[in-house]
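Colleague: This is query_31.txt (compact mmCIF, C-alpha atoms).
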# COMPACT_ATOMS: atom_id res chain seq x y z
CA MET A 1 20.04 16.18 -14.47
CA ASN A 2 21.49 19.64 -13.79
CA ILE A 3 22.55 18.75 -10.25
CA PRO A 4 25.31 21.21 -9.25
CA GLN A 5 28.73 19.99 -8.17
CA SER A 6 29.34 20.11 -4.43
CA SER A 7 32.17 19.56 -2.01
CA TYR A 8 29.75 17.53 0.10
CA PRO A 9 29.36 13.80 -0.55
CA ARG A 10 26.33 13.02 -2.69
CA VAL A 11 23.65 10.71 -1.29
CA VAL A 12 21.20 9.50 -3.94
CA ILE A 13 17.92 8.08 -2.60
CA VAL A 14 15.74 6.06 -4.96
CA GLY A 15 12.14 6.13 -3.73
CA GLY A 16 10.02 8.70 -1.89
CA GLY A 17 8.15 6.30 0.38
CA PHE A 18 8.24 6.15 4.16
CA GLY A 19 11.89 5.08 4.32
CA GLY A 20 13.19 7.48 1.68
CA ILE A 21 11.40 10.49 3.18
CA ALA A 22 12.57 9.63 6.72
CA LEU A 23 16.17 9.36 5.50
CA ALA A 24 16.00 12.61 3.52
CA LYS A 25 14.66 14.48 6.56
CA LYS A 26 17.43 13.05 8.72
CA LEU A 27 20.08 14.31 6.29
CA SER A 28 18.37 17.61 5.55
CA LYS A 29 20.65 19.80 7.67
CA LYS A 30 23.80 17.72 7.46
CA GLU A 31 26.87 18.27 5.30
CA ALA A 32 25.65 16.15 2.43
CA GLN A 33 24.09 16.74 -0.96
CA VAL A 34 20.85 14.75 -1.07
CA VAL A 35 19.25 13.80 -4.40
CA LEU A 36 15.91 12.00 -4.27
CA LEU A 37 14.61 10.22 -7.36
CA ASP A 38 11.06 8.95 -7.76
CA LYS A 39 8.73 8.19 -10.65
CA HIS A 40 5.99 10.18 -8.87
CA ASN A 41 6.25 13.69 -7.48
CA TYR A 42 4.30 12.78 -4.37
CA HIS A 43 4.53 10.63 -1.27
CA ASN A 44 1.65 8.16 -1.04
CA PHE A 45 0.20 7.17 2.35
CA GLN A 46 -0.56 3.57 1.41
CA PRO A 47 -2.43 2.48 4.59
CA LEU A 48 -5.42 4.58 3.51
CA LEU A 49 -5.56 3.57 -0.15
CA TYR A 50 -8.57 1.36 0.53
CA GLN A 51 -10.54 4.46 1.57
CA VAL A 52 -9.80 6.04 -1.81
CA SER A 53 -11.02 2.84 -3.49
CA THR A 54 -14.28 2.88 -1.53
CA GLY A 55 -15.05 6.60 -1.88
CA GLY A 56 -14.19 7.62 1.67
CA LEU A 57 -11.32 9.93 0.69
CA GLU A 58 -10.05 11.70 -2.38
CA PRO A 59 -6.48 10.83 -3.44
CA ASP A 60 -5.09 14.28 -2.67
CA SER A 61 -5.96 13.66 0.98
CA ILE A 62 -3.37 10.90 1.29
CA ALA A 63 -0.73 12.19 -1.11
CA TYR A 64 1.76 14.98 -0.51
CA PRO A 65 4.24 16.66 -2.89
CA ILE A 66 7.78 15.43 -2.26
CA ARG A 67 9.20 18.86 -3.02
CA LYS A 68 7.03 20.39 -0.32
CA VAL A 69 8.03 17.74 2.23
CA LEU A 70 11.64 18.86 2.01
CA GLN A 71 11.02 22.45 0.96
CA GLY A 72 13.68 24.88 2.11
CA TYR A 73 16.22 22.21 3.06
CA PRO A 74 19.72 23.17 1.86
CA ASN A 75 21.51 20.89 -0.58
CA PHE A 76 18.37 18.92 -1.38
CA PHE A 77 17.33 18.11 -4.97
CA PHE A 78 14.40 16.16 -6.33
CA ARG A 79 14.12 14.76 -9.83
CA LEU A 80 11.08 13.08 -11.37
CA ALA A 81 12.73 10.03 -12.89
CA GLN A 82 12.37 6.32 -13.54
CA VAL A 83 15.53 4.51 -12.46
CA GLN A 84 16.56 1.95 -15.07
CA GLU A 85 19.88 0.57 -13.89
CA VAL A 86 22.54 0.89 -11.21
CA LYS A 87 26.16 0.61 -12.33
CA THR A 88 27.96 -0.22 -9.10
CA ASP A 89 31.41 -0.46 -10.76
CA THR A 90 31.31 3.20 -11.84
CA LYS A 91 28.91 4.38 -9.09
CA ARG A 92 26.41 5.75 -11.58
CA ILE A 93 22.63 5.47 -11.93
CA LYS A 94 20.94 5.34 -15.31
CA THR A 95 17.45 6.86 -15.53
CA ASN A 96 15.02 7.93 -18.24
CA ILE A 97 16.25 11.52 -17.88
CA GLY A 98 19.98 10.83 -17.80
CA GLU A 99 22.72 9.49 -15.56
CA ILE A 100 23.91 10.64 -12.17
CA PHE A 101 26.97 9.84 -10.05
CA TYR A 102 26.65 8.92 -6.38
CA ASP A 103 28.96 8.65 -3.41
CA TYR A 104 26.34 6.75 -1.45
CA LEU A 105 23.26 5.11 -2.94
CA VAL A 106 20.17 4.21 -0.92
CA VAL A 107 17.54 1.96 -2.51
CA ALA A 108 14.10 2.58 -0.98
CA THR A 109 11.92 1.49 -3.89
CA GLY A 110 9.32 -0.25 -1.72
CA SER A 111 7.11 -3.09 -2.91
CA GLU A 112 4.47 -3.94 -5.48
CA THR A 113 1.66 -6.48 -5.77
CA ASN A 114 2.88 -10.06 -6.09
CA PHE A 115 0.63 -12.21 -8.30
CA PHE A 116 2.98 -15.18 -7.92
CA GLY A 117 3.16 -15.66 -11.68
CA ASN A 118 -0.60 -15.99 -12.22
CA LYS A 119 -1.03 -14.01 -15.44
CA SER A 120 -4.82 -14.40 -15.69
CA ILE A 121 -5.37 -12.93 -12.23
CA GLU A 122 -2.82 -10.20 -12.93
CA SER A 123 -4.55 -9.17 -16.16
CA LYS A 124 -8.18 -9.45 -15.02
CA GLY A 125 -7.97 -8.88 -11.27
CA MET A 126 -7.45 -5.57 -9.49
CA ALA A 127 -4.49 -4.48 -7.39
CA MET A 128 -4.61 -1.71 -4.80
CA LYS A 129 -1.01 -0.65 -4.22
CA THR A 130 -0.94 2.79 -5.85
CA ILE A 131 -3.28 5.77 -6.15
CA PRO A 132 -4.02 5.13 -9.87
CA GLN A 133 -4.90 1.51 -9.04
CA SER A 134 -7.20 2.65 -6.23
CA LEU A 135 -8.96 5.09 -8.55
CA ASN A 136 -9.38 2.32 -11.11
CA LEU A 137 -10.93 0.07 -8.48
CA ARG A 138 -13.28 2.82 -7.34
CA SER A 139 -14.43 3.39 -10.91
CA LEU A 140 -14.88 -0.32 -11.54
CA ILE A 141 -17.02 -0.79 -8.41
CA LEU A 142 -19.32 2.09 -9.34
CA GLU A 143 -19.47 1.17 -13.03
CA ASN A 144 -20.43 -2.40 -12.13
CA PHE A 145 -23.46 -1.19 -10.17
CA GLU A 146 -24.43 1.12 -13.01
CA GLN A 147 -24.14 -1.85 -15.37
CA ALA A 148 -26.19 -4.02 -13.00
CA LEU A 149 -29.11 -1.62 -13.44
CA LEU A 150 -29.13 -2.24 -17.17
CA THR A 151 -29.21 -6.02 -17.34
CA ASP A 152 -32.22 -8.32 -17.00
CA ASP A 153 -30.01 -11.36 -16.53
CA LEU A 154 -30.12 -12.18 -12.81
CA HIS A 155 -26.87 -14.16 -12.87
CA GLU A 156 -25.03 -11.38 -14.66
CA ARG A 157 -26.46 -8.84 -12.21
CA ASP A 158 -25.30 -10.89 -9.24
CA GLY A 159 -21.82 -11.19 -10.74
CA LEU A 160 -21.64 -7.42 -11.17
CA MET A 161 -22.58 -6.88 -7.53
CA ASN A 162 -20.31 -9.56 -6.06
CA PHE A 163 -16.80 -8.99 -4.76
CA VAL A 164 -13.96 -11.41 -4.07
CA ILE A 165 -11.05 -10.10 -2.01
CA VAL A 166 -8.06 -12.44 -2.00
CA GLY A 167 -5.84 -12.11 1.05
CA GLY A 168 -6.79 -11.85 4.70
CA GLY A 169 -4.12 -9.40 5.79
CA PRO A 170 -4.85 -5.82 6.95
CA THR A 171 -5.49 -4.59 3.39
CA GLY A 172 -8.03 -7.31 2.60
CA VAL A 173 -9.75 -7.06 5.98
CA GLU A 174 -10.07 -3.28 5.87
CA LEU A 175 -11.34 -3.28 2.29
CA ALA A 176 -13.90 -6.00 3.08
CA GLY A 177 -15.18 -4.04 6.07
CA ALA A 178 -15.46 -0.83 4.05
CA LEU A 179 -17.38 -2.56 1.23
CA ALA A 180 -19.73 -4.17 3.76
CA GLU A 181 -20.57 -0.76 5.22
CA ILE A 182 -21.19 0.64 1.74
CA LYS A 183 -23.53 -2.25 1.00
CA LYS A 184 -25.41 -1.65 4.23
CA GLY A 185 -25.65 2.13 4.38
CA ILE A 186 -25.04 3.66 0.96
CA LEU A 187 -26.03 1.33 -1.89
CA PRO A 188 -29.73 1.10 -0.90
CA LYS A 189 -29.97 4.90 -1.09
CA ASP A 190 -27.95 5.28 -4.30
CA TYR A 191 -29.66 2.39 -6.09
CA PRO A 192 -33.23 2.12 -4.78
CA ASP A 193 -34.29 0.31 -7.96
CA LEU A 194 -31.65 -2.39 -7.47
CA ASP A 195 -31.84 -5.22 -4.93
CA THR A 196 -28.43 -4.54 -3.40
CA ARG A 197 -29.11 -7.07 -0.68
CA ARG A 198 -27.97 -9.70 -3.18
CA ALA A 199 -24.46 -8.20 -3.29
CA GLN A 200 -21.90 -10.55 -1.78
CA ILE A 201 -18.54 -9.66 -0.25
CA ASN A 202 -16.20 -12.65 -0.04
CA LEU A 203 -12.86 -12.55 1.76
CA VAL A 204 -10.70 -15.52 0.78
CA GLN A 205 -7.70 -16.49 2.90
CA SER A 206 -5.39 -19.39 2.07
CA GLY A 207 -4.43 -19.90 5.72
CA ASP A 208 -6.46 -20.99 8.71
CA ARG A 209 -7.04 -17.45 10.04
CA ILE A 210 -7.20 -13.84 8.86
CA LEU A 211 -4.64 -11.27 10.04
CA PRO A 212 -2.05 -14.03 10.48
CA ALA A 213 0.67 -11.55 11.52
CA MET A 214 -1.42 -10.43 14.50
CA SER A 215 -2.46 -12.26 17.66
CA THR A 216 -5.02 -15.07 17.59
CA GLN A 217 -7.29 -12.89 19.69
CA ALA A 218 -7.16 -10.09 17.10
CA SER A 219 -7.79 -12.53 14.24
CA GLU A 220 -10.83 -14.09 15.89
CA LYS A 221 -12.30 -10.72 16.83
CA ALA A 222 -11.74 -9.28 13.35
CA GLU A 223 -13.42 -12.31 11.79
CA LYS A 224 -16.39 -11.90 14.10
CA PHE A 225 -16.64 -8.21 13.21
CA LEU A 226 -16.62 -9.04 9.49
CA GLU A 227 -19.24 -11.76 9.80
CA ASN A 228 -21.51 -9.39 11.74
CA LEU A 229 -21.16 -6.95 8.85
CA GLY A 230 -22.26 -9.65 6.42
CA VAL A 231 -18.88 -10.54 4.93
CA ASN A 232 -18.37 -14.16 3.90
CA VAL A 233 -14.99 -15.24 5.29
CA TRP A 234 -13.47 -18.25 3.51
CA LYS A 235 -10.38 -19.87 5.05
CA ASN A 236 -8.01 -22.58 3.88
CA ILE A 237 -8.97 -21.89 0.26
CA ARG A 238 -6.52 -20.78 -2.40
CA VAL A 239 -7.63 -18.85 -5.50
CA THR A 240 -6.07 -20.43 -8.59
CA ASP A 241 -7.60 -18.69 -11.60
CA TYR A 242 -9.87 -15.86 -12.72
CA ASP A 243 -11.35 -15.30 -16.16
CA GLY A 244 -12.95 -11.94 -15.40
CA GLN A 245 -16.27 -13.44 -14.31
CA LYS A 246 -15.56 -16.71 -12.51
CA VAL A 247 -13.11 -17.19 -9.64
CA SER A 248 -11.67 -20.71 -9.42
CA THR A 249 -10.10 -22.17 -6.29
CA ASP A 250 -8.24 -25.32 -5.25
CA SER A 251 -11.50 -26.65 -3.80
CA ASN A 252 -15.00 -27.20 -5.15
CA THR A 253 -15.86 -23.60 -4.25
CA GLU A 254 -16.26 -21.13 -7.11
CA PHE A 255 -17.35 -17.50 -7.12
CA LYS A 256 -19.14 -15.55 -9.81
CA ALA A 257 -17.81 -12.01 -9.53
CA GLU A 258 -16.90 -9.17 -11.88
CA THR A 259 -14.58 -7.69 -9.24
CA LEU A 260 -11.60 -9.57 -7.82
CA VAL A 261 -9.18 -7.60 -5.65
CA TRP A 262 -5.79 -9.25 -5.14
CA ALA A 263 -4.34 -8.44 -1.71
CA ALA A 264 -2.54 -11.74 -1.18
CA GLY A 265 1.05 -10.61 -1.19
CA VAL A 266 3.73 -8.15 -2.21
CA LYS A 267 7.25 -8.33 -3.58
CA ALA A 268 10.12 -5.87 -3.59
CA VAL A 269 10.65 -3.54 -6.54
CA CYS A 270 14.07 -4.44 -7.92
CA ILE A 271 16.48 -2.37 -9.98
CA LYS A 272 18.65 -3.75 -12.75
CA GLY A 273 22.20 -4.01 -11.48
CA LEU A 274 21.08 -5.02 -8.00
CA ASN A 275 18.97 -7.99 -9.01
CA ALA A 276 21.63 -10.69 -9.13
CA LYS A 277 20.52 -13.96 -7.58
CA GLU A 278 23.17 -13.80 -4.86
CA LEU A 279 21.75 -10.44 -3.70
CA LEU A 280 18.08 -11.38 -3.55
CA CYS A 281 15.96 -13.30 -1.06
CA LYS A 282 12.37 -14.54 -1.19
CA GLY A 283 10.05 -11.87 -2.56
CA ASP A 284 12.96 -10.22 -4.44
CA ARG A 285 14.16 -8.44 -1.30
CA ILE A 286 17.80 -7.32 -1.26
CA LYS A 287 20.08 -8.83 1.39
CA VAL A 288 21.52 -6.22 3.75
CA ASN A 289 23.58 -6.36 6.94
CA GLU A 290 22.72 -4.76 10.28
CA TYR A 291 23.95 -1.39 8.97
CA HIS A 292 21.62 -1.51 5.91
CA GLN A 293 24.56 -2.14 3.55
CA VAL A 294 23.81 -4.33 0.54
CA ILE A 295 25.84 -7.50 0.96
CA GLY A 296 28.98 -7.40 -1.17
CA VAL A 297 28.27 -4.05 -2.81
CA GLU A 298 30.28 -1.01 -1.76
CA ASP A 299 28.52 2.23 -0.73
CA VAL A 300 25.05 0.91 -1.58
CA PHE A 301 22.33 0.63 1.06
CA ALA A 302 18.72 -0.56 1.09
CA ILE A 303 15.88 0.20 3.51
CA GLY A 304 12.16 -0.47 3.86
CA ASP A 305 10.22 -3.16 2.00
CA VAL A 306 13.00 -3.77 -0.50
CA ALA A 307 15.55 -4.66 2.20
CA GLN A 308 15.89 -7.97 4.00
CA MET A 309 17.88 -7.70 7.20
CA GLU A 310 17.94 -11.11 8.84
CA THR A 311 18.30 -11.16 12.64
CA ASP A 312 17.68 -13.68 15.38
CA LYS A 313 14.33 -12.07 16.14
CA PHE A 314 13.43 -11.52 12.46
CA PRO A 315 15.01 -14.44 10.53
CA HIS A 316 12.96 -13.59 7.42
CA GLY A 317 13.53 -9.84 7.61
CA HIS A 318 11.45 -7.10 9.16
CA PRO A 319 7.73 -6.70 8.37
CA MET A 320 6.99 -4.90 5.10
CA MET A 321 5.19 -2.04 6.85
CA ALA A 322 5.66 1.69 7.42
CA GLN A 323 7.25 1.56 10.87
CA PRO A 324 10.30 -0.55 9.97
CA ALA A 325 10.90 1.65 6.92
CA ILE A 326 10.71 4.86 8.95
CA GLN A 327 13.00 3.55 11.68
CA GLN A 328 15.49 2.20 9.13
CA GLY A 329 15.54 5.53 7.31
CA ARG A 330 16.31 7.43 10.49
CA ASN A 331 18.99 4.97 11.58
CA LEU A 332 20.66 5.01 8.18
CA GLY A 333 20.65 8.81 8.23
CA ASP A 334 22.66 8.76 11.44
CA ASN A 335 24.95 6.04 10.09
CA LEU A 336 25.71 7.90 6.86
CA VAL A 337 26.78 10.94 8.85
CA ARG A 338 28.97 8.73 11.04
CA LEU A 339 30.41 7.10 7.91
CA MET A 340 31.29 10.49 6.45
CA GLU A 341 32.99 11.40 9.72
CA ASN A 342 34.92 8.10 9.76
CA LYS A 343 33.09 6.92 12.86
CA PRO A 344 31.73 3.37 13.41
CA MET A 345 28.11 2.86 12.42
CA ASN A 346 25.38 1.73 14.79
CA PRO A 347 23.51 -1.52 14.04
CA PHE A 348 19.78 -1.25 13.46
CA VAL A 349 17.45 -2.49 16.19
CA TYR A 350 13.76 -2.52 15.32
CA LYS A 351 11.40 -1.28 18.01
CA ASP A 352 8.10 -3.04 17.39
CA LYS A 353 5.32 -0.57 18.24
CA GLY A 354 2.56 -3.01 17.38
CA SER A 355 0.11 -3.55 14.54
CA MET A 356 -3.53 -2.72 13.95
CA ALA A 357 -6.39 -3.02 11.50
CA THR A 358 -9.81 -1.43 11.27
CA VAL A 359 -12.83 -3.50 10.29
CA GLY A 360 -15.34 -0.70 9.95
CA ARG A 361 -17.26 1.82 11.95
CA ASN A 362 -16.37 1.55 15.67
CA LYS A 363 -14.53 -1.70 14.99
CA ALA A 364 -10.77 -2.26 15.03
CA VAL A 365 -8.15 -4.57 16.51
CA VAL A 366 -4.87 -3.40 18.02
CA ASP A 367 -1.87 -5.46 19.12
CA MET A 368 0.73 -3.53 21.11
CA PRO A 369 3.82 -5.00 22.74
CA LYS A 370 2.17 -5.07 26.17
CA PHE A 371 -1.53 -4.55 25.44
CA ARG A 372 -4.15 -5.99 23.10
CA PHE A 373 -7.60 -4.54 22.68
CA GLN A 374 -10.46 -4.48 20.21
CA GLY A 375 -13.63 -2.52 19.54
CA VAL A 376 -14.42 1.18 19.81
CA PHE A 377 -11.31 2.23 21.74
CA ALA A 378 -9.09 0.37 19.27
CA TRP A 379 -10.88 2.19 16.46
CA PHE A 380 -10.06 5.59 17.98
CA VAL A 381 -6.43 4.53 18.47
CA TRP A 382 -6.27 3.41 14.83
CA MET A 383 -7.61 6.80 13.66
CA PHE A 384 -5.20 8.78 15.85
CA VAL A 385 -2.15 6.81 14.68
CA HIS A 386 -3.04 7.18 11.00
CA LEU A 387 -3.70 10.91 11.36
CA TYR A 388 -0.40 11.34 13.19
CA PHE A 389 1.66 9.70 10.45
CA LEU A 390 -0.04 11.51 7.56
CA ILE A 391 2.30 14.07 6.05
CA GLY A 392 1.05 17.65 5.99
CA PHE A 393 -1.26 19.64 8.26
CA ARG A 394 -3.81 20.10 5.47
CA ASN A 395 -4.03 16.37 4.83
CA ARG A 396 -4.59 15.66 8.52
CA VAL A 397 -7.37 18.24 8.70
CA VAL A 398 -9.04 17.09 5.48
CA VAL A 399 -8.95 13.42 6.46
CA PHE A 400 -10.22 14.18 9.97
CA ILE A 401 -13.12 16.28 8.64
CA ASN A 402 -13.99 13.57 6.11
CA TRP A 403 -14.00 10.92 8.83
CA VAL A 404 -16.20 13.01 11.12
CA TYR A 405 -18.62 13.80 8.29
CA ASN A 406 -18.74 10.19 7.13
CA TYR A 407 -19.33 9.03 10.70
CA ILE A 408 -22.19 11.47 11.37
CA ARG A 409 -23.87 11.12 7.98
CA PHE A 410 -22.93 7.47 7.38
CA ASP A 411 -21.87 8.51 3.91
CA ARG A 412 -18.91 8.44 1.50
CA GLU A 413 -19.28 11.34 -0.89
CA ALA A 414 -16.14 10.69 -2.96
CA ARG A 415 -17.85 7.90 -4.91
CA LEU A 416 -17.13 9.54 -8.25
CA ILE A 417 -16.18 7.99 -11.57
CA ILE A 418 -13.46 10.51 -12.40
CA ARG A 419 -11.49 8.20 -14.67
CA PRO A 420 -13.66 5.50 -16.29
CA PHE A 421 -12.19 2.03 -16.14
CA LYS A 422 -13.13 -1.00 -18.21
CA LYS A 423 -11.81 -4.46 -17.64
CA GLN A 424 -10.43 -6.34 -20.61
CA ASN A 425 -13.18 -8.95 -20.72
CA ARG A 426 -15.92 -6.31 -20.80
CA VAL A 427 -14.16 -4.42 -23.59
CA GLU A 428 -13.97 -7.63 -25.60
CA LYS A 429 -17.67 -8.31 -24.95
CA ASP A 430 -18.66 -4.80 -26.05
CA THR A 431 -16.56 -5.15 -29.21
CA LEU A 432 -18.24 -8.42 -30.12
CA MET A 433 -21.68 -6.85 -29.65
CA GLN A 434 -20.70 -3.92 -31.91
CA ASP A 435 -19.41 -6.32 -34.57
Would it be possible to restate this file's structure as structure tokens?

Modeller:
Amino acid sequence: MNIPQSSYPRVVIVGGGFGGIALAKKLSKKEAQVVLLDKHNYHNFQPLLYQVSTGGLEPDSIAYPIRKVLQGYPNFFFRLAQVQEVKTDTKRIKTNIGEIFYDYLVVATGSETNFFGNKSIESKGMAMKTIPQSLNLRSLILENFEQALLTDDLHERDGLMNFVIVGGGPTGVELAGALAEIKKGILPKDYPDLDTRRAQINLVQSGDRILPAMSTQASEKAEKFLENLGVNVWKNIRVTDYDGQKVSTDSNTEFKAETLVWAAGVKAVCIKGLNAKELLCKGDRIKVNEYHQVIGVEDVFAIGDVAQMETDKFPHGHPMMAQPAIQQGRNLGDNLVRLMENKPMNPFVYKDKGSMATVGRNKAVVDMPKFRFQGVFAWFVWMFVHLYFLIGFRNRVVVFINWVYNYIRFDREARLIIRPFKKQNRVEKDTLMQD
């Protein structure tokens, strides 16, 4: 990898997400050689992916080059690499561009969509966890409406204009609200020769309320917001199958929809060598102690979504969100320095700063440790927090200007089919017609 030898201990970080970036910044001016490996050369601000999918933002507004994040930091190296295996006995990491030795290894690989073994949904449904996936979803949505213009079959047209979002967490709720606003304010102008009033947005939640991780007050208010926007909220229903056109559930309810977005769960991204059964918990998360050390593995740490630190307050690990990852990265940075100086490490204590979700224009719900509020003020708080945690001054300015423009004009001008996307079932149908 052409990483120079150094008298400083080498810290290898796998993953440039919230946790990995926070850790790298913490070590940036310390006596350590920091090597960050990631399969992408950018940091992705995942909380705003749904706005890329719905044409509110372009992807470069929520992505930032990793090299620029840590530009000018001494003893920092970045390599674009796919990690294949960790060899803990020899303290080496195998990647697609070669091997590298580490003194300390930090796994911050994050999470990916969990389809819970349902191969049909995985192959024909849509995920929204990465920028390429969000661009695919954006293209599919727009292509479906273009296709709806061309068919005389009313049932096929309805299926092309219908959406099923599986999962009533923040991702599903925010996406449903965004699609409802598009249906109301944009589709009638873009497709005047199409009866877009027939488009249906269905949010399906297996539990008895949406936003289950938030307060009951926030859940009820968010559901009311969605229903006022015209979203059909289905609770206590579990999606079991999807053939590309029909969504089956564990009840008598079925949906005809060409677009199914799976937002029903995530699982940790594991690495070979650290995926032994005794190391993993539910959702493939790696067991760590209060100092972020992987249980039973020397000089290997894990932070963020991939780590499961069980405490009295969080018996199932910390929430798989940005704040725990950032705080863990900063704490581990301090602990690694203390470890190098032969000082005792400090246990991690998570400071819960609350959770929030936006449901559309002037509508959001916010749960803070001491306050809970909903509506317009919550919406402004949501915007401020997301702007604050975006990396890069340019990105903050671009996103802010886009939000102001979209608010004034009630428009989303990034609804572009840059990379055409065709689902497997439609490709098969087109092939049959050609034959």

Colleague: Per residue of region 164-263 of chain A within 9 Å of region 54-74 of chain A, record the nearest atom pair and its distance in Å to one decimal, counting all atoms listed in the file, with rows in chain order and ascending residue number, as a Markdown table.

Modeller:
| residue | atom | partner | partner_atom | distance |
| --- | --- | --- | --- | --- |
| A:Leu175 | CA | A:Thr54 | CA | 7.8 |
| A:Ala178 | CA | A:Thr54 | CA | 6.8 |
| A:Leu179 | CA | A:Thr54 | CA | 6.8 |
| A:Ile182 | CA | A:Thr54 | CA | 8.0 |

Colleague: Sorted by chain and rising residue number, which residues of region 219-275 of chain A lie within 8 Å of region 76-99 of chain A, and what are their closest atom pairs and distances in Å to one decimal, counting all atoms listed in the file, as CSV?

Modeller:
residue,atom,partner,partner_atom,distance
A:Ile271,CA,A:Glu85,CA,6.0
A:Lys272,CA,A:Glu85,CA,4.6
A:Gly273,CA,A:Val86,CA,4.9
A:Leu274,CA,A:Val86,CA,6.9

Colleague: What does the structure give for the distance between CA of Ala218 (chain A) and CA of Val366 (chain A), in Å to one decimal?

Modeller: 7.1 Å

Colleague: With distances taken over all atoms listed in the file, which of A:Tyr8, A:Trp234, A:Phe225, A:Tyr102 is nearest to Leu36 (chain A)?

Modeller: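 The shortest atom-to-atom distance to Leu36 (chain A) comes from A:Tyr102.
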
Colleague: Which polymer residues have any atom within 10 Å of an atom of Glu278 (chain A), counting all atoms listed in the file, with same-chain residues fewer than 4 positions away left out, as a list in words?

Modeller: Leu274, Ile286, Lys287, Ile295 and Gly296 of chain A

Colleague: Quick one: of A:Ile401, A:Cys270, A:Met309, A:Val300, who's nearest to Leu336 (chain A), counting all atoms listed in the file?

Modeller: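 Selected residue with least distance to Leu336 (chain A): A:Val300.
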
Colleague: For each of A:Gly177, A:Pro347, A:Gly304, A:Gly207, take the minimum atom-to-atom distance to Gln51 (chain A), counting all atoms listed in the file, then give the residue where this is smallest.

Modeller: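 Once distances to Gln51 (chain A) are computed over all atoms listed in the file, the minimum belongs to A:Gly177.
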
Colleague: With distances taken over all atoms listed in the file, which residue among A:Gly168, A:Gly117, A:Gly185, A:Pro4 lies nearest Val233 (chain A)?

Modeller: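 For Val233 (chain A), the nearest of the given residues is A:Gly168.
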
Colleague: Please rebuild region 340-344 of chain A with all heavy atoms and return the result as a PDB file, keeping the file's coordinate frame.

Modeller:
ATOM      1  N   MET A 340      30.583   9.344   7.025  1.00  0.00           N
ATOM      2  CA  MET A 340      31.290  10.490   6.450  1.00  0.00           C
ATOM      3  C   MET A 340      32.323  11.064   7.417  1.00  0.00           C
ATOM      4  O   MET A 340      33.315  11.655   6.991  1.00  0.00           O
ATOM      5  CB  MET A 340      30.282  11.581   6.072  1.00  0.00           C
ATOM      6  CG  MET A 340      29.303  11.185   4.979  1.00  0.00           C
ATOM      7  SD  MET A 340      27.981  12.419   4.793  1.00  0.00           S
ATOM      8  CE  MET A 340      26.762  11.498   3.859  1.00  0.00           C
ATOM      9  N   GLU A 341      32.069  10.888   8.697  1.00  0.00           N
ATOM     10  CA  GLU A 341      32.990  11.400   9.720  1.00  0.00           C
ATOM     11  C   GLU A 341      33.978  10.339  10.185  1.00  0.00           C
ATOM     12  O   GLU A 341      34.679  10.518  11.186  1.00  0.00           O
ATOM     13  CB  GLU A 341      32.169  11.911  10.921  1.00  0.00           C
ATOM     14  CG  GLU A 341      31.274  13.094  10.582  1.00  0.00           C
ATOM     15  CD  GLU A 341      30.368  13.491  11.737  1.00  0.00           C
ATOM     16  OE1 GLU A 341      30.313  12.729  12.732  1.00  0.00           O
ATOM     17  OE2 GLU A 341      29.752  14.566  11.662  1.00  0.00           O
ATOM     18  N   ASN A 342      34.008   9.206   9.441  1.00  0.00           N
ATOM     19  CA  ASN A 342      34.920   8.100   9.760  1.00  0.00           C
ATOM     20  C   ASN A 342      34.701   7.548  11.170  1.00  0.00           C
ATOM     21  O   ASN A 342      35.642   7.159  11.863  1.00  0.00           O
ATOM     22  CB  ASN A 342      36.377   8.533   9.588  1.00  0.00           C
ATOM     23  CG  ASN A 342      36.719   8.841   8.147  1.00  0.00           C
ATOM     24  OD1 ASN A 342      36.349   8.094   7.238  1.00  0.00           O
ATOM     25  ND2 ASN A 342      37.411   9.951   7.932  1.00  0.00           N
ATOM     26  N   LYS A 343      33.444   7.505  11.576  1.00  0.00           N
ATOM     27  CA  LYS A 343      33.090   6.920  12.860  1.00  0.00           C
ATOM     28  C   LYS A 343      32.382   5.579  12.619  1.00  0.00           C
ATOM     29  O   LYS A 343      31.780   5.371  11.561  1.00  0.00           O
ATOM     30  CB  LYS A 343      32.153   7.867  13.629  1.00  0.00           C
ATOM     31  CG  LYS A 343      32.788   9.188  14.023  1.00  0.00           C
ATOM     32  CD  LYS A 343      31.769  10.059  14.764  1.00  0.00           C
ATOM     33  CE  LYS A 343      32.374  11.399  15.161  1.00  0.00           C
ATOM     34  NZ  LYS A 343      31.377  12.271  15.856  1.00  0.00           N
ATOM     35  N   PRO A 344      32.416   4.664  13.590  1.00  0.00           N
ATOM     36  CA  PRO A 344      31.730   3.370  13.410  1.00  0.00           C
ATOM     37  C   PRO A 344      30.217   3.558  13.377  1.00  0.00           C
ATOM     38  O   PRO A 344      29.654   4.408  14.074  1.00  0.00           O
ATOM     39  CB  PRO A 344      32.173   2.564  14.632  1.00  0.00           C
ATOM     40  CG  PRO A 344      32.556   3.587  15.651  1.00  0.00           C
ATOM     41  CD  PRO A 344      33.133   4.737  14.865  1.00  0.00           C
TER      42      PRO A 344
END
